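Trainee: Dropping the structure in here first, questions after.
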Amino acid sequence: MTVIIDKSTLKKKYKKVAYYPGCALEGSAIPYDKSTRAIGKALGLELVDVKDWNCCGAMEVKNIDPKVETYLSSRVLSNAQYKNKLNVVMAPCNGCYKNLKQAEYELGHSEKSKDVVGKISKKAGHETYKAGEVETIHALDWIKMGYGEEELRKKIKGGLKGLKVANYYGCMYTRPRHIFPEKAEGAGGDSSTKPHYMDDLLAVAGAENVEFPLKTACCGGAHTLSDSDMSTKLVLNILEAAEAAGADVIATECPTCHSGLEMHQIRALKRLSKDTNVKVIYFTQLLGMAMGLSARKVGLNGNISNSTKLMKEKGIL
Amino acid sequence: MRSVAQLEVFMEAPTKQGVSPEELAQNYLQVGEDMLIHWLLAKELVPSTGKKEGFRILALHRQGCKGDPSFNACRETCRELAYFYTLITMEPNSDDMVTRLSMMKMVAKHLVLFIGSKMQVAEVGEFCCSAKVNRLDCDELKTRIGVK
């Protein structure tokens, strides 16, 4: 069934959302957090931190007990609903975003999951989250649908003219497909096979998006510790593909991918003597700079990948 | 059929000179098919000889992921291989030929690294369907399930 997305309704709905930074944005991905908050402020989109949030369960808990993972994510949704009194949670981290979506799906389709979540919630002494009460969105949805491209265009100052960008979504923004039914709704929505929201936003900001066939490929983040060499090879291939596509920059929207690309870029040079020069920058940082925010405000110096020189050369800073 | 290690070595090697773009595209598509055959054998399935949308690689992927609501992260990679194969063979005089071949090679390499690593290295985690089958001896599996 094709559903026409009502943009004006979403704009109102996403104007003020519960913000779930998750562990990464308070640790390894502080520049992502900083730039997300900065562009929210600049665009007049209100972010209210989820009260007393906890880890979404990430990948570690899932391997031990997926029901506990569902509970952990459900508690975040419960807090947004009952403590923040908000019905939209925005999660910029792909892992958090996927896990909240997964919990939503499990609670809507599995009696066992509902039962386990109900029991643990009761024992923990908080309201049990029920499927359908809170909508989880990504930072890309938040800007694209909550603000809109036409309005964003008016906010662009210097823009990203002359900057060639490979948009890298990673594997969890669109997978598994069955938990993202809205990505198959067609007109106006994103796609699970060829996502384009980041491409759309950065094009509005003046970037030249390159054709990048590995935009949803796995970065090897899940086994970066258990098999670091394989992660390095996977990342190196992604970096080389971006360079072969002519990109100056890989734009990211997942903290795991971002840190993986940065770390393994260095590791590839040390271990495999393979040097790549493409820079790795969060899309929120690129948007912020296009809107005239300073490098400091978007946390550019917090990245491992040093892109200051490139940004200056391109006239973006 | 080449082993996973042989496929990785093949993808790491510089591109041979004097080979036509069509032949190179066929080679990369074959690498993808071989990798999926390894994956299917490890799942103890007899690899399909059929085609989906004109490509065996798509039929093999469909077969391997059937009934498994997993990440299916290799689905788009397989489709990208089919896409580049079509571009390269249908537009032999394109100005973009060098870039297209380079991209197709990297897509094929990703597939080899992505699926291959999960079948070669222990304890890499249940992150995707391809991680659920691990490190099984290909020849032994072929014998067990009757594949020649």
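Residues in the structure tokens are numbered from 1 in each chain, the chains being A, B, ... in the order shown, and ligands are numbered from 1 in the order shown.
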Per residue of chain A within 8 Å of chain B, what are the shortest atom pair and its distance in Å to one decimal, counting only C-alpha atoms, with rows by chain and residue number, as CSV?
Mentor:
residue,atom,partner,partner_atom,distance
A:Met59,CA,B:Phe127,CA,7.9
A:Asn63,CA,B:Glu126,CA,6.8
A:Cys171,CA,B:Ala73,CA,6.6
A:Arg175,CA,B:Phe71,CA,5.2
A:Pro176,CA,B:Phe71,CA,4.4
A:Arg177,CA,B:Phe71,CA,7.4
A:His178,CA,B:Pro69,CA,7.5
A:Thr193,CA,B:Glu76,CA,6.5
A:Pro213,CA,B:Glu80,CA,6.6
A:Leu214,CA,B:Val107,CA,6.9
A:Thr216,CA,B:Glu76,CA,7.6
A:Ala217,CA,B:Ala73,CA,6.9
A:Cys218,CA,B:Ala73,CA,7.1
A:Gly220,CA,B:Phe114,CA,7.8
A:Ala222,CA,B:Phe127,CA,7.0
A:His223,CA,B:Val124,CA,5.7
A:Ser226,CA,B:Val124,CA,6.1
A:Asp227,CA,B:Val124,CA,7.1
A:Met230,CA,B:Ser117,CA,6.7
A:Lys233,CA,B:Leu113,CA,7.5
A:Leu234,CA,B:His110,CA,6.5
A:Asn237,CA,B:Met106,CA,6.4
A:Ile238,CA,B:Met106,CA,7.9
A:Ala241,CA,B:Met106,CA,6.4
A:Ala244,CA,B:Thr99,CA,7.1
A:Ala245,CA,B:Thr99,CA,7.2
Trainee: Put those residues in a file: N, CA and C atoms, as a PDB file, in the first residue's frame.
Mentor:
ATOM      1  N   MET A  59      24.363  -4.407  20.982  1.00  0.00           N
ATOM      2  CA  MET A  59      24.505  -5.744  20.391  1.00  0.00           C
ATOM      3  C   MET A  59      24.883  -6.782  21.432  1.00  0.00           C
ATOM      4  N   ASN A  63      22.950 -10.677  22.168  1.00  0.00           N
ATOM      5  CA  ASN A  63      23.572 -11.989  22.016  1.00  0.00           C
ATOM      6  C   ASN A  63      23.304 -12.894  23.207  1.00  0.00           C
ATOM      7  N   CYS A 171      24.730  -0.190   8.021  1.00  0.00           N
ATOM      8  CA  CYS A 171      23.781  -1.301   7.831  1.00  0.00           C
ATOM      9  C   CYS A 171      22.511  -1.201   8.670  1.00  0.00           C
ATOM     10  N   ARG A 175      17.974  -1.774   8.241  1.00  0.00           N
ATOM     11  CA  ARG A 175      17.840  -3.218   8.436  1.00  0.00           C
ATOM     12  C   ARG A 175      17.627  -3.598   9.891  1.00  0.00           C
ATOM     13  N   PRO A 176      16.904  -4.673  10.181  1.00  0.00           N
ATOM     14  CA  PRO A 176      16.170  -5.503   9.217  1.00  0.00           C
ATOM     15  C   PRO A 176      14.922  -4.780   8.710  1.00  0.00           C
ATOM     16  N   ARG A 177      14.593  -5.026   7.450  1.00  0.00           N
ATOM     17  CA  ARG A 177      13.556  -4.240   6.790  1.00  0.00           C
ATOM     18  C   ARG A 177      12.201  -4.275   7.485  1.00  0.00           C
ATOM     19  N   HIS A 178      11.873  -5.437   8.091  1.00  0.00           N
ATOM     20  CA  HIS A 178      10.510  -5.571   8.615  1.00  0.00           C
ATOM     21  C   HIS A 178      10.218  -4.664   9.813  1.00  0.00           C
ATOM     22  N   THR A 193      16.233   0.095   0.476  1.00  0.00           N
ATOM     23  CA  THR A 193      17.268  -0.430  -0.414  1.00  0.00           C
ATOM     24  C   THR A 193      18.253   0.660  -0.855  1.00  0.00           C
ATOM     25  N   PRO A 213      28.199   2.997  -4.220  1.00  0.00           N
ATOM     26  CA  PRO A 213      27.469   1.726  -4.141  1.00  0.00           C
ATOM     27  C   PRO A 213      27.537   1.033  -2.777  1.00  0.00           C
ATOM     28  N   LEU A 214      28.439   1.469  -1.907  1.00  0.00           N
ATOM     29  CA  LEU A 214      28.542   0.796  -0.600  1.00  0.00           C
ATOM     30  C   LEU A 214      27.860   1.611   0.499  1.00  0.00           C
ATOM     31  N   THR A 216      25.114   1.343   2.073  1.00  0.00           N
ATOM     32  CA  THR A 216      24.491   0.602   3.181  1.00  0.00           C
ATOM     33  C   THR A 216      25.306  -0.637   3.566  1.00  0.00           C
ATOM     34  N   ALA A 217      26.561  -0.658   3.137  1.00  0.00           N
ATOM     35  CA  ALA A 217      27.409  -1.819   3.443  1.00  0.00           C
ATOM     36  C   ALA A 217      27.857  -1.813   4.905  1.00  0.00           C
ATOM     37  N   CYS A 218      28.087  -2.997   5.427  1.00  0.00           N
ATOM     38  CA  CYS A 218      28.543  -3.138   6.816  1.00  0.00           C
ATOM     39  C   CYS A 218      29.986  -2.628   6.964  1.00  0.00           C
ATOM     40  N   GLY A 220      31.807  -3.418   9.541  1.00  0.00           N
ATOM     41  CA  GLY A 220      32.547  -4.378  10.366  1.00  0.00           C
ATOM     42  C   GLY A 220      32.590  -3.986  11.827  1.00  0.00           C
ATOM     43  N   ALA A 222      30.647  -4.572  14.236  1.00  0.00           N
ATOM     44  CA  ALA A 222      30.256  -5.601  15.212  1.00  0.00           C
ATOM     45  C   ALA A 222      31.418  -6.490  15.612  1.00  0.00           C
ATOM     46  N   HIS A 223      32.397  -6.632  14.728  1.00  0.00           N
ATOM     47  CA  HIS A 223      33.536  -7.468  15.118  1.00  0.00           C
ATOM     48  C   HIS A 223      34.856  -6.709  15.098  1.00  0.00           C
ATOM     49  N   SER A 226      36.687  -8.462  18.020  1.00  0.00           N
ATOM     50  CA  SER A 226      36.964  -9.898  17.876  1.00  0.00           C
ATOM     51  C   SER A 226      37.778 -10.214  16.627  1.00  0.00           C
ATOM     52  N   ASP A 227      37.670  -9.388  15.605  1.00  0.00           N
ATOM     53  CA  ASP A 227      38.419  -9.630  14.369  1.00  0.00           C
ATOM     54  C   ASP A 227      38.782  -8.283  13.738  1.00  0.00           C
ATOM     55  N   MET A 230      39.788  -7.932   9.985  1.00  0.00           N
ATOM     56  CA  MET A 230      38.698  -7.980   9.004  1.00  0.00           C
ATOM     57  C   MET A 230      37.972  -6.642   8.960  1.00  0.00           C
ATOM     58  N   LYS A 233      39.936  -4.309   6.891  1.00  0.00           N
ATOM     59  CA  LYS A 233      39.806  -4.567   5.452  1.00  0.00           C
ATOM     60  C   LYS A 233      38.467  -4.057   4.918  1.00  0.00           C
ATOM     61  N   LEU A 234      37.397  -4.295   5.696  1.00  0.00           N
ATOM     62  CA  LEU A 234      36.069  -3.827   5.262  1.00  0.00           C
ATOM     63  C   LEU A 234      36.045  -2.298   5.164  1.00  0.00           C
ATOM     64  N   ASN A 237      38.122  -0.927   2.241  1.00  0.00           N
ATOM     65  CA  ASN A 237      37.403  -1.075   0.968  1.00  0.00           C
ATOM     66  C   ASN A 237      36.365   0.035   0.799  1.00  0.00           C
ATOM     67  N   ILE A 238      35.698   0.393   1.905  1.00  0.00           N
ATOM     68  CA  ILE A 238      34.696   1.473   1.851  1.00  0.00           C
ATOM     69  C   ILE A 238      35.381   2.820   1.571  1.00  0.00           C
ATOM     70  N   ALA A 241      36.556   2.883  -1.990  1.00  0.00           N
ATOM     71  CA  ALA A 241      35.414   3.036  -2.910  1.00  0.00           C
ATOM     72  C   ALA A 241      34.961   4.495  -2.944  1.00  0.00           C
ATOM     73  N   ALA A 244      37.474   6.373  -4.955  1.00  0.00           N
ATOM     74  CA  ALA A 244      37.327   6.055  -6.384  1.00  0.00           C
ATOM     75  C   ALA A 244      36.097   6.742  -6.970  1.00  0.00           C
ATOM     76  N   ALA A 245      35.109   6.969  -6.121  1.00  0.00           N
ATOM     77  CA  ALA A 245      33.892   7.665  -6.574  1.00  0.00           C
ATOM     78  C   ALA A 245      34.123   9.173  -6.652  1.00  0.00           C
TER      79      ALA A 245
END
Trainee: Can you tell me, as a list in words, what residues are no more than 10 Å from Ser35 in chain A when counting only C-alpha atoms, ignoring any on the same chain fewer than 6 positions away?
Mentor: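 Contacts, with the query itself left out: Lys41, Tyr282, Phe283, Thr284, Gln285, Leu286, Leu287, Gly288, Met289, Leu293, Ala295, Arg296, Lys297, Val298, Gly299 and Leu300 of chain A.
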Trainee: Keeping only C-alpha atoms, take the residues you just selected and write them out as a PDB file, in the first residue's frame.
Mentor:
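Final output, saved to again-v1.pdb:
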ATOM      1  CA  LYS A  41      18.896  25.114  18.192  1.00  0.00           C
ATOM      2  CA  TYR A 282      28.982  13.596  10.599  1.00  0.00           C
ATOM      3  CA  PHE A 283      26.196  14.909   8.374  1.00  0.00           C
ATOM      4  CA  THR A 284      25.053  17.154  11.223  1.00  0.00           C
ATOM      5  CA  GLN A 285      28.501  18.771  11.269  1.00  0.00           C
ATOM      6  CA  LEU A 286      28.345  19.362   7.515  1.00  0.00           C
ATOM      7  CA  LEU A 287      24.848  20.817   7.753  1.00  0.00           C
ATOM      8  CA  GLY A 288      25.885  23.006  10.669  1.00  0.00           C
ATOM      9  CA  MET A 289      28.884  24.413   8.809  1.00  0.00           C
ATOM     10  CA  LEU A 293      27.953  27.516  12.440  1.00  0.00           C
ATOM     11  CA  ALA A 295      33.858  24.490  13.565  1.00  0.00           C
ATOM     12  CA  ARG A 296      33.821  24.711  17.358  1.00  0.00           C
ATOM     13  CA  LYS A 297      30.032  24.710  17.541  1.00  0.00           C
ATOM     14  CA  VAL A 298      29.764  21.543  15.464  1.00  0.00           C
ATOM     15  CA  GLY A 299      32.665  19.869  17.256  1.00  0.00           C
ATOM     16  CA  LEU A 300      34.847  19.485  14.167  1.00  0.00           C
TER      17      LEU A 300
END
Trainee: Please identify all polymer residues within 9 Å of Glu211 in chain A, counting only C-alpha atoms, omitting same-chain residues fewer than 2 positions from it, and present them as a list in words.
Mentor: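 Listed by chain and then number, they are Ala166, Asn167, Asn209, Pro213, Ala242, Ala245 and Gly246 of chain A.
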Trainee: Provide the CA of Gly186 in chain A to CA of Glu135 in chain A distance in Å, to one decimal place.
Mentor: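 CA of Glu135 in chain A lies at a distance of 18.8 Å from CA of Gly186 in chain A.
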Trainee: I want to know what sits within 12 Å of Thr128 in chain A, based on only C-alpha atoms, with residues of the same chain fewer than 6 positions away left out; could you give that as an NGL selection string?
Mentor: :A and (70-82 or 107 or 113-122)
Trainee: Have a look at A:Ile316, A:Cys55, A:Leu100, A:Ala251 and name the one nearest to Lys215 in chain A; count only C-alpha atoms.
Mentor: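 Closest candidate: A:Ala251.
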Trainee: Given only C-alpha atoms as the basis, pick out the residue of A:Ile304, A:Leu225, A:Gly40, A:Trp53 nearest to Met263 in chain A.
Mentor: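 Closest candidate: A:Ile304.
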Trainee: So that I can see what lies close to Ala139 in chain A, please list as a PyMOL selection string the residues with an atom at most 12 Å from it, counting only C-alpha atoms and leaving out residues fewer than 2 positions away in the same chain.
Mentor: chain A and resi 14+17-21+32-33+35-37+39-40+45+47+88-94+96-97+136-137+141-147+173+197-198+201+252-254+282-284
Trainee: For the residues in that selection, give me C-alpha atoms as a compact mmCIF listing (two decimals), in the first residue's frame.
Mentor:
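Generated file (result-v1.txt):
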# COMPACT_ATOMS: atom_id res chain seq x y z
CA TYR A 14 8.68 16.65 15.23
CA VAL A 17 10.87 15.58 20.48
CA ALA A 18 12.43 13.46 23.19
CA TYR A 19 16.14 13.16 22.49
CA TYR A 20 17.84 9.84 23.14
CA PRO A 21 21.60 10.33 22.72
CA TYR A 32 27.72 14.10 16.75
CA ASP A 33 25.85 15.08 19.92
CA SER A 35 26.40 19.20 16.20
CA THR A 36 22.93 17.64 16.53
CA ARG A 37 22.06 19.94 19.43
CA ILE A 39 21.59 22.51 14.44
CA GLY A 40 18.43 21.78 16.46
CA LEU A 45 13.65 22.33 16.76
CA LEU A 47 15.21 18.51 21.92
CA VAL A 88 8.30 10.99 19.56
CA VAL A 89 11.82 9.83 20.40
CA MET A 90 14.69 10.94 18.17
CA ALA A 91 17.74 8.66 18.24
CA PRO A 92 20.72 9.80 16.11
CA CYS A 93 22.64 6.56 16.70
CA ASN A 94 21.79 3.81 14.24
CA CYS A 96 19.78 2.89 19.30
CA TYR A 97 17.39 3.75 16.48
CA THR A 136 10.98 6.44 17.07
CA ILE A 137 12.71 8.55 14.44
CA ASP A 141 13.84 12.04 9.70
CA TRP A 142 13.89 14.79 12.30
CA ILE A 143 15.50 17.34 9.97
CA LYS A 144 14.11 16.15 6.66
CA MET A 145 10.49 15.82 7.84
CA GLY A 146 10.50 17.99 10.96
CA TYR A 147 12.05 21.01 9.27
CA TYR A 173 19.54 2.49 9.31
CA TYR A 197 17.53 11.36 3.17
CA MET A 198 21.15 12.29 3.92
CA LEU A 201 19.73 17.21 2.96
CA THR A 252 28.11 9.59 8.36
CA GLU A 253 25.00 9.29 10.49
CA CYS A 254 26.00 6.38 12.75
CA TYR A 282 28.98 13.60 10.60
CA PHE A 283 26.20 14.91 8.37
CA THR A 284 25.05 17.15 11.22
Trainee: For Leu87 in chain B, which residue among B:His61, B:Leu101, B:Lys43, B:Thr143 is the nearest when counting only C-alpha atoms?
Mentor: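 Smallest separation from Leu87 in chain B among the options: B:Leu101.
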Trainee: When you count only C-alpha atoms, which of these residues is closest to Leu25 in chain A: A:His264, A:Lys314, A:His258, A:Lys85?
Mentor: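 Selected residue with least distance to Leu25 in chain A: A:His258.
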Trainee: Check the DSSP output for the backbone and give back, as a PyMOL selection string, the residues of range 228-258 of chain A in alpha helix (DSSP H).
Mentor: chain A and resi 228-244+255-258
Trainee: Could you check the closest approach to Glu262 in chain A for each of A:Gly162, A:Gly95, A:Thr308, A:Ser28 and tell me which residue wins, using only C-alpha atoms?
Mentor: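 Nearest candidate to Glu262 in chain A out of A:Gly162, A:Gly95, A:Thr308, A:Ser28: A:Ser28.
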Trainee: Can you pull out every residue within 10 Å of Gln30 in chain B, counting only C-alpha atoms, but drop anything in the same chain fewer than 4 positions away, and send it as a compact mmCIF listing (two decimals) with C-alpha atoms, in the first residue's frame?
Mentor:
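Contents of out.txt, freshly written:
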# COMPACT_ATOMS: atom_id res chain seq x y z
CA LEU B 24 36.02 -8.56 -15.88
CA ALA B 25 32.38 -7.89 -15.01
CA GLN B 26 31.64 -11.59 -15.50
CA ASP B 34 30.95 -18.37 -5.51
CA MET B 35 30.78 -16.54 -2.20
CA LEU B 36 27.05 -17.11 -1.90
CA ARG B 56 21.88 -16.47 -10.52
CA ILE B 57 23.40 -14.37 -7.74
CA LEU B 81 26.75 -6.40 -8.52
CA ALA B 108 32.48 -7.84 -5.01
Trainee: Nearest residue to Ala5 in chain B out of B:Val31, B:Ala59, B:Leu41, B:Val19, using only C-alpha atoms?
Mentor: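 Under the stated criterion, the closest residue is B:Val31.
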Trainee: Rounded to one decimal place, report the CA of Asp65 in chain A-CA of His126 in chain A distance in Å.
Mentor: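 Separation of CA of Asp65 in chain A and CA of His126 in chain A: 20.9 Å.
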